[in-house]
$ cat work35.pdb   # PDB, C-alpha atoms
ATOM      1  CA  MET A 529      87.810  91.758  78.727  1.00  0.00           C
ATOM      2  CA  ASN A 530      84.504  93.584  78.767  1.00  0.00           C
ATOM      3  CA  GLN A 531      84.295  95.718  75.630  1.00  0.00           C
ATOM      4  CA  SER A 532      82.044  98.247  77.366  1.00  0.00           C
ATOM      5  CA  VAL A 533      85.124  99.452  79.305  1.00  0.00           C
ATOM      6  CA  LEU A 534      87.812 101.038  77.137  1.00  0.00           C
ATOM      7  CA  PHE A 535      91.149 102.409  78.271  1.00  0.00           C
ATOM      8  CA  PRO A 536      92.649 105.087  76.010  1.00  0.00           C
ATOM      9  CA  ASP A 537      96.429 105.291  75.968  1.00  0.00           C
ATOM     10  CA  LEU A 538      96.476 108.424  78.148  1.00  0.00           C
ATOM     11  CA  GLN A 539      98.173 108.526  81.518  1.00  0.00           C
ATOM     12  CA  GLU A 540     100.070 111.059  83.555  1.00  0.00           C
ATOM     13  CA  TRP A 541     102.026 111.181  86.780  1.00  0.00           C
ATOM     14  CA  ASN A 542     100.264 113.165  89.504  1.00  0.00           C
ATOM     15  CA  SER A 543     103.069 114.414  91.766  1.00  0.00           C
ATOM     16  CA  GLN A 544     100.657 115.994  94.238  1.00  0.00           C
ATOM     17  CA  ASP A 545      98.754 112.773  94.970  1.00  0.00           C
ATOM     18  CA  ILE A 546     101.680 110.435  94.136  1.00  0.00           C
ATOM     19  CA  CYS A 547      99.769 108.358  91.623  1.00  0.00           C
ATOM     20  CA  VAL A 548      99.248 107.721  87.942  1.00  0.00           C
ATOM     21  CA  ASP A 549      95.983 109.189  86.631  1.00  0.00           C
ATOM     22  CA  PHE A 550      94.349 107.605  83.588  1.00  0.00           C
ATOM     23  CA  PRO A 551      90.871 107.547  82.037  1.00  0.00           C
ATOM     24  CA  ALA A 552      88.455 104.753  81.283  1.00  0.00           C
ATOM     25  CA  GLN A 553      85.416 104.984  79.059  1.00  0.00           C
ATOM     26  CA  VAL A 554      82.428 103.088  80.384  1.00  0.00           C
ATOM     27  CA  GLN A 555      79.584 102.870  77.891  1.00  0.00           C
ATOM     28  CA  GLY A 556      80.656 106.216  76.449  1.00  0.00           C
ATOM     29  CA  VAL A 557      81.122 107.955  79.821  1.00  0.00           C
ATOM     30  CA  ASN A 558      84.600 109.032  80.931  1.00  0.00           C
ATOM     31  CA  VAL A 559      85.666 107.770  84.356  1.00  0.00           C
ATOM     32  CA  GLN A 560      88.809 109.076  86.021  1.00  0.00           C
ATOM     33  CA  CYS A 561      91.019 106.303  87.393  1.00  0.00           C
ATOM     34  CA  ARG A 562      94.204 106.322  89.386  1.00  0.00           C
ATOM     35  CA  ILE A 563      96.724 103.929  90.796  1.00  0.00           C
ATOM     36  CA  GLY A 564      98.733 104.959  93.809  1.00  0.00           C
ATOM     37  CA  LEU A 565     102.439 104.312  94.102  1.00  0.00           C
ATOM     38  CA  ALA A 566     101.941 101.522  96.679  1.00  0.00           C
ATOM     39  CA  SER A 567      99.504  99.658  94.413  1.00  0.00           C
ATOM     40  CA  LEU A 568     101.772 100.133  91.421  1.00  0.00           C
ATOM     41  CA  MET A 569     104.682  98.637  93.366  1.00  0.00           C
ATOM     42  CA  ARG A 570     102.472  95.745  94.542  1.00  0.00           C
ATOM     43  CA  ILE A 571     101.302  94.862  91.043  1.00  0.00           C
ATOM     44  CA  SER A 572     104.772  95.167  89.515  1.00  0.00           C
ATOM     45  CA  ASN A 573     106.619  93.661  92.484  1.00  0.00           C
ATOM     46  CA  SER A 574     108.996  96.629  92.261  1.00  0.00           C
ATOM     47  CA  VAL A 575     110.313  99.249  94.633  1.00  0.00           C
ATOM     48  CA  LEU A 576     110.214 102.941  93.772  1.00  0.00           C
ATOM     49  CA  HIS A 577     111.328 105.749  96.043  1.00  0.00           C
ATOM     50  CA  ILE A 578     109.289 108.934  96.138  1.00  0.00           C
ATOM     51  CA  ASN A 579     112.462 111.024  96.525  1.00  0.00           C
ATOM     52  CA  ASP A 580     113.887 109.687  93.263  1.00  0.00           C
ATOM     53  CA  HIS A 581     114.102 112.594  90.828  1.00  0.00           C
ATOM     54  CA  ASN A 582     112.983 110.236  88.003  1.00  0.00           C
ATOM     55  CA  ILE A 583     109.954 108.889  89.888  1.00  0.00           C
ATOM     56  CA  SER A 584     107.499 110.092  87.229  1.00  0.00           C
ATOM     57  CA  VAL A 585     109.401 108.401  84.398  1.00  0.00           C
ATOM     58  CA  LYS A 586     109.831 105.164  86.355  1.00  0.00           C
ATOM     59  CA  ALA A 587     106.213 105.088  87.545  1.00  0.00           C
ATOM     60  CA  LEU A 588     104.861 105.670  84.027  1.00  0.00           C
ATOM     61  CA  ALA A 589     107.171 102.967  82.648  1.00  0.00           C
ATOM     62  CA  LEU A 590     105.890 100.481  85.247  1.00  0.00           C
ATOM     63  CA  PHE A 591     102.319 101.520  84.499  1.00  0.00           C
ATOM     64  CA  ASN A 592     102.877 100.755  80.809  1.00  0.00           C
ATOM     65  CA  ASP A 593     104.590  97.443  81.591  1.00  0.00           C
ATOM     66  CA  TYR A 594     101.704  96.306  83.819  1.00  0.00           C
ATOM     67  CA  ARG A 595      98.869  98.112  82.022  1.00  0.00           C
ATOM     68  CA  PHE A 596      96.883  94.936  81.331  1.00  0.00           C
ATOM     69  CA  ASP A 597      96.938  93.844  84.994  1.00  0.00           C
ATOM     70  CA  ILE A 598      96.010  97.346  86.166  1.00  0.00           C
ATOM     71  CA  GLU A 599      93.159  97.595  83.663  1.00  0.00           C
ATOM     72  CA  GLU A 600      91.798  94.210  84.787  1.00  0.00           C
ATOM     73  CA  GLU A 601      91.699  95.342  88.426  1.00  0.00           C
ATOM     74  CA  VAL A 602      90.110  98.665  87.496  1.00  0.00           C
ATOM     75  CA  GLU A 603      87.516  96.940  85.321  1.00  0.00           C
ATOM     76  CA  MET A 604      86.513  94.703  88.253  1.00  0.00           C
ATOM     77  CA  LEU A 605      86.111  97.777  90.481  1.00  0.00           C
ATOM     78  CA  ILE A 606      84.010  99.497  87.828  1.00  0.00           C
ATOM     79  CA  GLU A 607      81.760  96.435  87.564  1.00  0.00           C
ATOM     80  CA  GLN A 608      81.407  96.501  91.371  1.00  0.00           C
ATOM     81  CA  GLU A 609      80.603 100.231  91.148  1.00  0.00           C
ATOM     82  CA  ALA A 610      83.402 100.948  93.640  1.00  0.00           C
ATOM     83  CA  PHE A 611      83.574 104.657  92.837  1.00  0.00           C
ATOM     84  CA  ASP A 612      84.828 107.114  95.444  1.00  0.00           C
ATOM     85  CA  GLU A 613      82.967 110.283  96.461  1.00  0.00           C
ATOM     86  CA  HIS A 614      84.336 112.042  93.351  1.00  0.00           C
ATOM     87  CA  GLY A 615      83.231 109.316  90.943  1.00  0.00           C
ATOM     88  CA  CYS A 616      86.806 108.086  90.567  1.00  0.00           C
ATOM     89  CA  ILE A 617      88.166 104.524  90.650  1.00  0.00           C
ATOM     90  CA  THR A 618      91.320 104.243  92.778  1.00  0.00           C
ATOM     91  CA  LEU A 619      93.699 101.333  93.177  1.00  0.00           C
TER
END
$ encode --input "work35.pdb" --output "structure tokens"
Amino acid sequence: MNQSVLFPDLQEWNSQDICVDFPAQVQGVNVQCRIGLASLMRISNSVLHINDHNISVKALALFNDYRFDIEEEVEMLIEQEAFDEHGCITL
């Protein structure tokens, strides 16, 4: 793993955009990252339902279980400079 990209252990469920938001530090610069529910289900090979009242808990648990895989994909996108119009990396 490229040591110029660091992932602090900070993540939160974003109920408005239905994703997990988390930061990355790239050569000392903070980059906002996010993984949508569909991508999270793809990576984890799981099914979550948006109407589930525990969706935030379940999504964050899956994020933690598959953190390494998610970070690898995000790191590749950062290296490809695949930032959106807001400077964010989205899976």
$ closest_residue --input "work35.pdb" --among "A:Ala610, A:Val585, A:Ile598, A:Trp541" --to "Arg570 of chain A" --atoms "only C-alpha atoms"
A:Ile598
$ residues_around --input "work35.pdb" --residues "Cys561 of chain A" --least-positions-apart "5" --cutoff "12 Å" --atoms "only C-alpha atoms" --output "number ranges by chain"
A: 534-536, 538-540, 542, 547-554, 598-599, 601-603, 605-606, 610-612, 614-619
$ closest_residue --input "work35.pdb" --among "A:Gln555, A:Met604, A:Tyr594, A:Ala589" --to "Asn573 of chain A" --atoms "only C-alpha atoms"
A:Tyr594
$ resolve_selection --input "work35.pdb" --expression "the PyMOL selection byres ((chain A and resi 576) around 12)" --output "ChimeraX atom specification"
/A:546-547,564-570,572-575,577-590
$ atom_distance --input "work35.pdb" --atom1 "atom CA of Ile571 of chain A" --atom2 "atom CA of Gly556 of chain A"
27.7 Å
$ atom_distance --input "work35.pdb" --atom1 "atom CA of Asp545 of chain A" --atom2 "atom CA of Arg595 of chain A"
19.6 Å
$ atom_distance --input "work35.pdb" --atom1 "atom CA of Val557 of chain A" --atom2 "atom CA of Phe591 of chain A"
22.6 Å
$ axis_aligned_box --input "work35.pdb" --around "segment 594-612 of chain A" --padding-each-side "4 Å" --output "AutoDock Vina command-line options"
--center_x 91.2 --center_y 100.5 --center_z 88.4 --size_x 29.1 --size_y 21.3 --size_z 22.1
$ closest_residue --input "work35.pdb" --among "A:Asp537, A:Glu607, A:Ser543, A:Arg562" --to "Asn592 of chain A" --atoms "all atoms listed in the file"
A:Asp537
